[in-house]
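Text of the file structure.txt, holding compact mmCIF, C-alpha atoms:
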# COMPACT_ATOMS: atom_id res chain seq x y z
CA MET X 981 -11.10 15.23 -6.57
CA LEU X 982 -8.02 17.06 -7.80
CA PHE X 983 -6.60 17.05 -11.30
CA LEU X 984 -3.01 18.13 -11.79
CA CYS X 985 -1.67 18.76 -15.28
CA SER X 986 1.93 19.73 -15.82
CA GLY X 987 4.34 19.71 -18.71
CA SER X 988 7.20 19.03 -16.28
CA ALA X 989 5.50 16.49 -14.02
CA ALA X 990 8.27 13.94 -14.47
CA SER X 991 11.06 16.35 -13.51
CA LEU X 992 9.05 17.60 -10.53
CA LEU X 993 8.63 14.06 -9.24
CA HIS X 994 12.32 13.35 -9.76
CA ALA X 995 13.14 16.40 -7.66
CA THR X 996 10.75 15.68 -4.80
CA SER X 997 10.57 11.90 -4.69
CA SER X 998 11.74 9.72 -1.84
CA PRO X 999 14.99 7.71 -2.08
CA PRO X 1000 15.16 4.60 -4.28
CA ARG X 1001 13.22 1.59 -3.09
CA SER X 1002 14.81 -0.01 -0.08
CA ARG X 1003 15.01 -3.73 0.48
CA ALA X 1004 15.20 -3.22 4.21
CA VAL X 1005 12.67 -5.06 6.31
CA GLY X 1006 11.13 -4.37 9.67
CA MET X 1007 11.19 -1.03 11.38
CA SER X 1008 13.53 1.07 13.45
CA ALA X 1009 12.80 1.24 17.17
CA THR X 1010 12.86 5.04 16.95
CA LYS X 1011 10.54 5.29 13.96
CA ALA X 1012 7.86 7.94 14.33
CA THR X 1013 4.17 7.04 14.13
CA GLY X 1014 1.39 8.51 12.05
CA LEU X 1015 0.09 10.34 15.10
CA SER X 1016 3.36 12.28 15.24
CA PHE X 1017 2.39 14.17 12.09
CA LEU X 1018 -1.09 15.26 13.20
CA SER X 1019 -1.73 18.76 14.49
CA PRO X 1020 -3.18 19.20 18.01
CA ASP X 1021 -6.45 20.31 16.41
CA ALA X 1022 -6.63 17.15 14.28
CA VAL X 1023 -6.01 15.00 17.36
CA GLU X 1024 -8.81 16.74 19.25
CA ARG X 1025 -11.23 16.25 16.36
CA ALA X 1026 -10.24 12.59 16.12
CA LYS X 1027 -11.26 12.10 19.75
CA ALA X 1028 -14.84 12.78 18.69
CA GLY X 1029 -14.49 10.77 15.50
CA ASN X 1030 -15.64 7.33 14.43
CA PRO X 1031 -14.49 4.10 16.15
CA ILE X 1032 -11.52 3.67 13.80
CA GLU X 1033 -10.20 7.13 14.67
CA LYS X 1034 -10.41 6.21 18.35
CA VAL X 1035 -8.56 2.94 17.72
CA LYS X 1036 -5.78 4.92 16.01
CA LEU X 1037 -5.57 7.33 18.92
CA ALA X 1038 -5.28 4.48 21.42
CA LYS X 1039 -2.42 2.96 19.41
CA ASP X 1040 -1.32 4.20 16.03
CA GLY X 1041 -1.91 1.99 13.01
CA THR X 1042 1.74 2.25 12.01
CA THR X 1043 2.69 0.18 15.08
CA ALA X 1044 1.72 -2.80 12.92
CA PHE X 1045 4.99 -2.25 11.02
CA THR X 1046 6.67 -4.08 13.92
CA SER X 1047 3.81 -5.91 15.66
CA VAL X 1048 3.20 -8.12 12.61
CA TYR X 1049 6.63 -9.66 13.19
CA GLU X 1050 6.11 -9.89 16.95
CA TYR X 1051 2.77 -11.65 16.60
CA ALA X 1052 4.13 -14.06 14.00
CA ALA X 1053 7.08 -14.99 16.20
CA ALA X 1054 4.91 -15.45 19.30
CA ILE X 1055 2.41 -17.68 17.50
CA ARG X 1056 5.18 -19.83 16.03
CA ALA X 1057 6.75 -20.12 19.48
CA GLY X 1058 3.45 -21.27 20.96
CA SER X 1059 3.23 -18.39 23.43
CA LEU X 1060 0.25 -16.81 21.65
CA THR X 1061 -2.69 -17.83 19.46
CA TRP X 1062 -4.32 -15.64 16.88
CA GLU X 1063 -7.47 -15.58 19.02
CA GLU X 1064 -5.47 -13.86 21.78
CA VAL X 1065 -4.35 -10.99 19.56
CA GLU X 1066 -5.91 -7.69 20.57
CA LYS X 1067 -9.11 -7.32 18.54
CA ALA X 1068 -8.30 -3.79 17.42
CA ASP X 1069 -4.97 -5.06 16.07
CA LEU X 1070 -6.53 -8.12 14.47
CA ASP X 1071 -9.34 -6.33 12.68
CA THR X 1072 -7.99 -2.82 12.21
CA ARG X 1073 -4.31 -1.99 12.77
CA LEU X 1074 -2.92 -4.98 10.85
CA LYS X 1075 -4.43 -3.40 7.76
CA TRP X 1076 -1.46 -1.00 7.89
CA VAL X 1077 0.67 -3.93 6.74
CA GLY X 1078 -1.93 -5.03 4.21
CA LEU X 1079 -3.50 -7.78 6.35
CA LEU X 1080 -7.29 -7.94 6.29
CA HIS X 1081 -8.73 -10.53 8.66
CA ARG X 1082 -11.38 -12.70 7.03
CA GLY X 1083 -13.02 -13.44 10.37
CA LYS X 1084 -16.49 -14.43 9.13
CA ARG X 1085 -15.60 -16.95 6.42
CA THR X 1086 -12.06 -18.04 7.34
CA PRO X 1087 -11.28 -17.11 10.98
CA GLY X 1088 -7.58 -16.74 11.64
CA ARG X 1089 -6.77 -16.27 7.95
CA PHE X 1090 -5.89 -13.02 6.25
CA MET X 1091 -5.97 -11.49 2.82
CA MET X 1092 -2.71 -9.62 2.19
CA ARG X 1093 -3.18 -6.64 -0.13
CA LEU X 1094 0.02 -5.58 -1.90
CA ARG X 1095 1.27 -2.34 -3.41
CA THR X 1096 1.87 -2.91 -7.13
CA PRO X 1097 2.50 0.46 -8.82
CA ASN X 1098 0.95 0.57 -12.29
CA GLY X 1099 0.28 -3.18 -11.95
CA ILE X 1100 3.85 -4.00 -13.00
CA ILE X 1101 5.21 -7.32 -11.72
CA SER X 1102 7.87 -9.81 -12.73
CA SER X 1103 7.75 -13.56 -13.29
CA GLU X 1104 9.76 -13.92 -10.06
CA LEU X 1105 7.08 -12.05 -8.12
CA MET X 1106 4.31 -14.12 -9.64
CA ARG X 1107 6.10 -17.32 -8.65
CA PHE X 1108 6.56 -15.92 -5.14
CA TYR X 1109 2.82 -15.19 -4.88
CA ALA X 1110 2.02 -18.75 -5.93
CA ASP X 1111 4.58 -20.27 -3.56
CA SER X 1112 3.24 -18.13 -0.70
CA VAL X 1113 -0.38 -19.29 -0.95
CA GLU X 1114 0.03 -22.83 -2.31
CA PRO X 1115 0.55 -24.42 1.15
CA TYR X 1116 -2.99 -23.37 2.14
CA GLY X 1117 -4.70 -25.42 -0.54
CA PRO X 1118 -6.92 -24.46 -3.49
CA ASP X 1119 -9.83 -23.32 -1.35
CA LEU X 1120 -7.87 -20.90 0.83
CA GLY X 1121 -4.66 -20.16 -1.05
CA VAL X 1122 -5.83 -17.83 -3.80
CA VAL X 1123 -4.24 -14.87 -5.60
CA ASP X 1124 -6.58 -12.03 -6.62
CA ILE X 1125 -6.06 -9.45 -9.34
CA THR X 1126 -7.93 -6.25 -8.48
CA THR X 1127 -9.49 -3.38 -10.40
CA ARG X 1128 -6.68 -1.08 -9.22
CA GLN X 1129 -3.97 -3.11 -11.01
CA ASN X 1130 -3.12 -4.78 -7.72
CA PHE X 1131 -2.65 -8.25 -6.23
CA GLN X 1132 -4.00 -9.83 -3.06
CA LEU X 1133 -2.79 -13.04 -1.42
CA ARG X 1134 -5.49 -14.98 0.41
CA GLY X 1135 -5.42 -17.64 3.12
CA ILE X 1136 -2.35 -16.37 4.99
CA PRO X 1137 -2.21 -17.13 8.74
CA LEU X 1138 -0.66 -14.50 11.01
CA GLU X 1139 2.33 -16.70 11.88
CA ASP X 1140 3.41 -16.67 8.22
CA ALA X 1141 2.76 -12.99 7.57
CA GLY X 1142 6.21 -11.81 8.61
CA ASP X 1143 7.96 -14.24 6.27
CA VAL X 1144 5.73 -13.28 3.35
CA THR X 1145 6.38 -9.59 4.11
CA ASP X 1146 10.14 -10.19 4.15
CA GLY X 1147 9.87 -12.08 0.87
CA LEU X 1148 8.08 -9.16 -0.73
CA HIS X 1149 10.62 -6.66 0.58
CA ALA X 1150 13.49 -8.79 -0.71
CA ARG X 1151 11.85 -8.55 -4.15
CA ASN X 1152 11.36 -4.79 -3.90
CA GLN X 1153 7.63 -4.90 -3.20
CA THR X 1154 5.56 -4.29 -0.08
CA ALA X 1155 2.12 -4.71 1.44
CA PHE X 1156 2.66 -1.88 3.93
CA GLN X 1157 0.10 0.97 3.87
CA SER X 1158 -2.15 -0.68 1.31
CA ALA X 1159 -5.48 -0.85 3.15
CA LEU X 1160 -7.93 1.12 5.31
CA ASP X 1161 -6.77 4.70 6.06
CA ASN X 1162 -3.91 4.71 3.58
CA VAL X 1163 -3.23 5.74 -0.01
CA ARG X 1164 -4.28 2.82 -2.18
CA ASN X 1165 -2.38 1.28 -5.07
CA LEU X 1166 -1.09 3.72 -7.68
CA VAL X 1167 -2.96 3.20 -10.95
CA GLY X 1168 -1.30 4.02 -14.26
CA SER X 1169 -1.91 3.37 -17.91
CA PRO X 1170 -2.45 -0.34 -18.63
CA LEU X 1171 -0.64 0.24 -21.93
CA ALA X 1172 2.34 2.05 -20.40
CA GLY X 1173 5.47 1.60 -22.46
CA ILE X 1174 3.74 -0.06 -25.39
CA ASP X 1175 1.13 2.52 -26.45
CA ASP X 1176 2.50 4.31 -29.52
CA GLN X 1177 0.14 7.21 -28.75
CA GLU X 1178 1.18 7.69 -25.12
CA MET X 1179 2.42 11.09 -24.01
CA VAL X 1180 4.04 9.87 -20.78
CA ASP X 1181 5.16 6.42 -19.63
CA THR X 1182 3.38 6.15 -16.29
CA ARG X 1183 5.35 3.23 -14.86
CA HIS X 1184 8.16 5.24 -13.30
CA LEU X 1185 5.81 7.96 -12.05
CA CYS X 1186 3.62 5.41 -10.27
CA THR X 1187 6.67 3.80 -8.65
CA VAL X 1188 8.02 7.15 -7.46
CA LEU X 1189 4.67 8.14 -5.97
CA SER X 1190 4.21 4.76 -4.32
CA ASP X 1191 7.66 5.01 -2.75
CA LEU X 1192 6.93 8.55 -1.60
CA ILE X 1193 4.01 7.13 0.35
CA SER X 1194 5.36 3.82 1.62
CA LEU X 1195 9.14 4.26 1.99
CA ASP X 1196 10.47 6.12 5.04
CA PRO X 1197 13.09 8.62 3.82
CA ASP X 1198 14.71 8.77 7.25
CA THR X 1199 15.17 5.08 7.99
CA GLY X 1200 15.15 3.54 4.50
CA THR X 1201 12.59 0.98 5.69
CA ARG X 1202 9.15 0.26 4.34
CA GLY X 1203 6.33 2.04 6.13
CA ASN X 1204 6.23 5.84 6.02
CA PRO X 1205 4.59 7.31 9.14
CA LYS X 1206 4.22 10.71 7.48
CA TRP X 1207 1.33 9.26 5.48
CA GLY X 1208 0.33 6.77 8.16
CA ASN X 1209 -2.65 8.50 9.74
CA LEU X 1210 -4.98 9.66 6.99
CA PRO X 1211 -8.78 9.79 6.81
CA ARG X 1212 -10.55 7.11 4.78
CA LYS X 1213 -8.85 5.50 1.77
CA PHE X 1214 -7.27 7.84 -0.76
CA ASN X 1215 -6.89 7.05 -4.47
CA ILE X 1216 -4.33 8.38 -6.96
CA ALA X 1217 -4.06 7.63 -10.68
CA VAL X 1218 -1.63 8.72 -13.39
CA SER X 1219 -2.74 8.91 -17.02
CA GLY X 1220 -0.31 8.56 -19.89
CA SER X 1221 -2.37 9.73 -22.83
CA ARG X 1222 -5.37 11.76 -23.89
CA ASP X 1223 -7.46 8.59 -23.77
CA ASP X 1224 -7.07 8.52 -19.94
CA PHE X 1225 -7.02 4.74 -19.66
CA ALA X 1226 -6.24 5.15 -15.94
CA HIS X 1227 -9.62 6.86 -15.33
CA THR X 1228 -8.16 9.73 -13.33
CA HIS X 1229 -11.60 11.34 -12.94
CA ILE X 1230 -12.74 8.73 -10.41
CA ASN X 1231 -9.70 9.22 -8.17
CA ASP X 1232 -8.98 11.74 -5.43
CA ILE X 1233 -5.91 12.94 -7.30
CA GLY X 1234 -5.59 12.47 -11.03
CA LEU X 1235 -2.39 13.33 -12.89
CA GLU X 1236 -2.81 13.94 -16.61
CA PRO X 1237 -0.04 14.68 -19.13
CA CYS X 1238 0.18 18.11 -20.68
CA ALA X 1239 2.83 19.58 -22.95
CA HIS X 1240 4.66 22.69 -21.69
CA SER X 1241 3.03 25.76 -23.22
CA GLU X 1242 6.36 27.11 -24.57
CA THR X 1243 8.84 24.23 -24.91
CA ARG X 1244 6.20 21.57 -25.65
CA GLU X 1245 8.25 19.27 -23.44
CA MET X 1246 6.20 16.58 -21.70

Could you write out this file's structure as structure tokens?
Amino acid sequence: MLFLCSGSAASLLHATSSPPRSRAVGMSATKATGLSFLSPDAVERAKAGNPIEKVKLAKDGTTAFTSVYEYAAAIRAGSLTWEEVEKADLDTRLKWVGLLHRGKRTPGRFMMRLRTPNGIISSELMRFYADSVEPYGPDLGVVDITTRQNFQLRGIPLEDAGDVTDGLHARNQTAFQSALDNVRNLVGSPLAGIDDQEMVDTRHLCTVLSDLISLDPDTGTRGNPKWGNLPRKFNIAVSGSRDDFAHTHINDIGLEPCAHSETREM
């Protein structure tokens, strides 16, 4: 666990952040993969790693950035069924686009985990969530609110996943890189912007960090291969006050506000 305290955290993030959120969908044919950013030593160690590491070596998890659209199109066209999808894609790699197969209870249906920095959404997004899951009925089509200020859409079949993904991207949100070996949702202060005792408004910081992770600075598309081949899940939280409502101490990286020692600037 790492705690970072800086009086100029906001300006540092402004200087090093990725470009503004893109509404582009899909993925460039020349896009690098997560494996591209691993050292030869890391690749060798992965060969002796757990089964998930071996799945990633066989085909990188970031390939799901395009395969989710390919599978959806093939299933809709009738040339493929979800049962025919490669098992490692079905149960592992599709998690790179937020799709978690619920094979035991609802075979062929997925839970889509989103990226919702600081838990901030709009009424338009909430309506989109409802419209996305409503066709699957009250037993399957459910929207979860998680303990990391996030949302999950349940009951989604693979043939609809591409359309839901495009709908999210059109509304400046994504499900890419939200599960398994990826940085999880950015947690910020639940009182951001309305706490009269806050030292920093965490909403922008969480958005910048989330985009740094999930937006490719080279292509402008969602899905950043630089952070696409990590070890197990990685958690980051940003606190906005001395009360630490974001609980930074239980995260891998916790950012806490601190006034500059000389200027007292936050």

| Residue among X:Ala1026, X:Leu1094, X:Val1163, X:Ile1101 lying closest to Leu1133 in chain X, counting all atoms listed in the file |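 Checking each candidate against Leu1133 in chain X, we get X:Leu1094 as the closest.
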
| note | CA of Ser1169 in chain X to CA of His1184 in chain X measures 11.2 Å

| Residues at most 12 Å from Ala1054 in chain X, counting only C-alpha atoms, excluding those fewer than 4 positions away in the same chain, as number ranges by chain? | X: 1047-1050, 1058-1062, 1064-1065, 1138-1140, 1142

| Residue with smallest distance to Gly1208 in chain X - pool X:Gln1177, X:Thr1228, X:Asn1030, X:Gln1157, counting all atoms listed in the file |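 Using all atoms listed in the file, Gly1208 in chain X sits closest to X:Gln1157.
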
| query | What is the distance between CA of Gly1168 in chain X and CA of Thr1201 in chain X, in Å to one decimal? | reply | 24.5 Å

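In this model, the gap between CA of Gly1014 in chain X and CA of Ser1219 in chain X comes to 29.4 Å.
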
Counting all atoms listed in the file, find residues at most 12 Å from (1.3, -3.3, -9.8) (file frame) and give them as a short mmCIF file (atom, residue, chain, number, x, y, z; two decimals) with C-alpha atoms, keeping the file's coordinate frame.
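Wrote point-v1.cif, looks like this:
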data_model
loop_
_atom_site.label_atom_id
_atom_site.label_comp_id
_atom_site.auth_asym_id
_atom_site.auth_seq_id
_atom_site.Cartn_x
_atom_site.Cartn_y
_atom_site.Cartn_z
CA ARG X 1093 -3.18 -6.64 -0.13
CA LEU X 1094 0.02 -5.58 -1.90
CA ARG X 1095 1.27 -2.34 -3.41
CA THR X 1096 1.87 -2.91 -7.13
CA PRO X 1097 2.50 0.46 -8.82
CA ASN X 1098 0.95 0.57 -12.29
CA GLY X 1099 0.28 -3.18 -11.95
CA ILE X 1100 3.85 -4.00 -13.00
CA ILE X 1101 5.21 -7.32 -11.72
CA SER X 1102 7.87 -9.81 -12.73
CA LEU X 1105 7.08 -12.05 -8.12
CA MET X 1106 4.31 -14.12 -9.64
CA ILE X 1125 -6.06 -9.45 -9.34
CA THR X 1126 -7.93 -6.25 -8.48
CA THR X 1127 -9.49 -3.38 -10.40
CA ARG X 1128 -6.68 -1.08 -9.22
CA GLN X 1129 -3.97 -3.11 -11.01
CA ASN X 1130 -3.12 -4.78 -7.72
CA PHE X 1131 -2.65 -8.25 -6.23
CA GLN X 1132 -4.00 -9.83 -3.06
CA ASN X 1152 11.36 -4.79 -3.90
CA GLN X 1153 7.63 -4.90 -3.20
CA THR X 1154 5.56 -4.29 -0.08
CA ALA X 1155 2.12 -4.71 1.44
CA SER X 1158 -2.15 -0.68 1.31
CA ARG X 1164 -4.28 2.82 -2.18
CA ASN X 1165 -2.38 1.28 -5.07
CA LEU X 1166 -1.09 3.72 -7.68
CA VAL X 1167 -2.96 3.20 -10.95
CA GLY X 1168 -1.30 4.02 -14.26
CA SER X 1169 -1.91 3.37 -17.91
CA PRO X 1170 -2.45 -0.34 -18.63
CA ALA X 1172 2.34 2.05 -20.40
CA THR X 1182 3.38 6.15 -16.29
CA ARG X 1183 5.35 3.23 -14.86
CA HIS X 1184 8.16 5.24 -13.30
CA CYS X 1186 3.62 5.41 -10.27
CA THR X 1187 6.67 3.80 -8.65
CA SER X 1190 4.21 4.76 -4.32
#

| task | Name the closest residue to Leu1189 in chain X among the candidates X:Trp1207, X:Tyr1116, X:Phe1017, X:Phe1225; distances are taken between atoms, counting all atoms listed in the file. | result | X:Trp1207

| Leaving out Ala1110 in chain X and any residue of its chain fewer than 2 positions from it, which residues lie within 9 Å of it when counting only C-alpha atoms, given as a PyMOL selection string? | chain X and resi 1105-1108+1112-1114+1121-1123+1133

May I have the residues from that selection written out with C-alpha atoms, as a JSON list (two decimals), in the coordinates of the input?
[["chain", "number", "residue", "atom", "x", "y", "z"],
["X", 1105, "LEU", "CA", 7.08, -12.05, -8.12],
["X", 1106, "MET", "CA", 4.31, -14.12, -9.64],
["X", 1107, "ARG", "CA", 6.10, -17.32, -8.65],
["X", 1108, "PHE", "CA", 6.56, -15.92, -5.14],
["X", 1112, "SER", "CA", 3.24, -18.13, -0.70],
["X", 1113, "VAL", "CA", -0.38, -19.29, -0.95],
["X", 1114, "GLU", "CA", 0.03, -22.83, -2.31],
["X", 1121, "GLY", "CA", -4.66, -20.16, -1.05],
["X", 1122, "VAL", "CA", -5.83, -17.83, -3.80],
["X", 1123, "VAL", "CA", -4.24, -14.87, -5.60],
["X", 1133, "LEU", "CA", -2.79, -13.04, -1.42]]
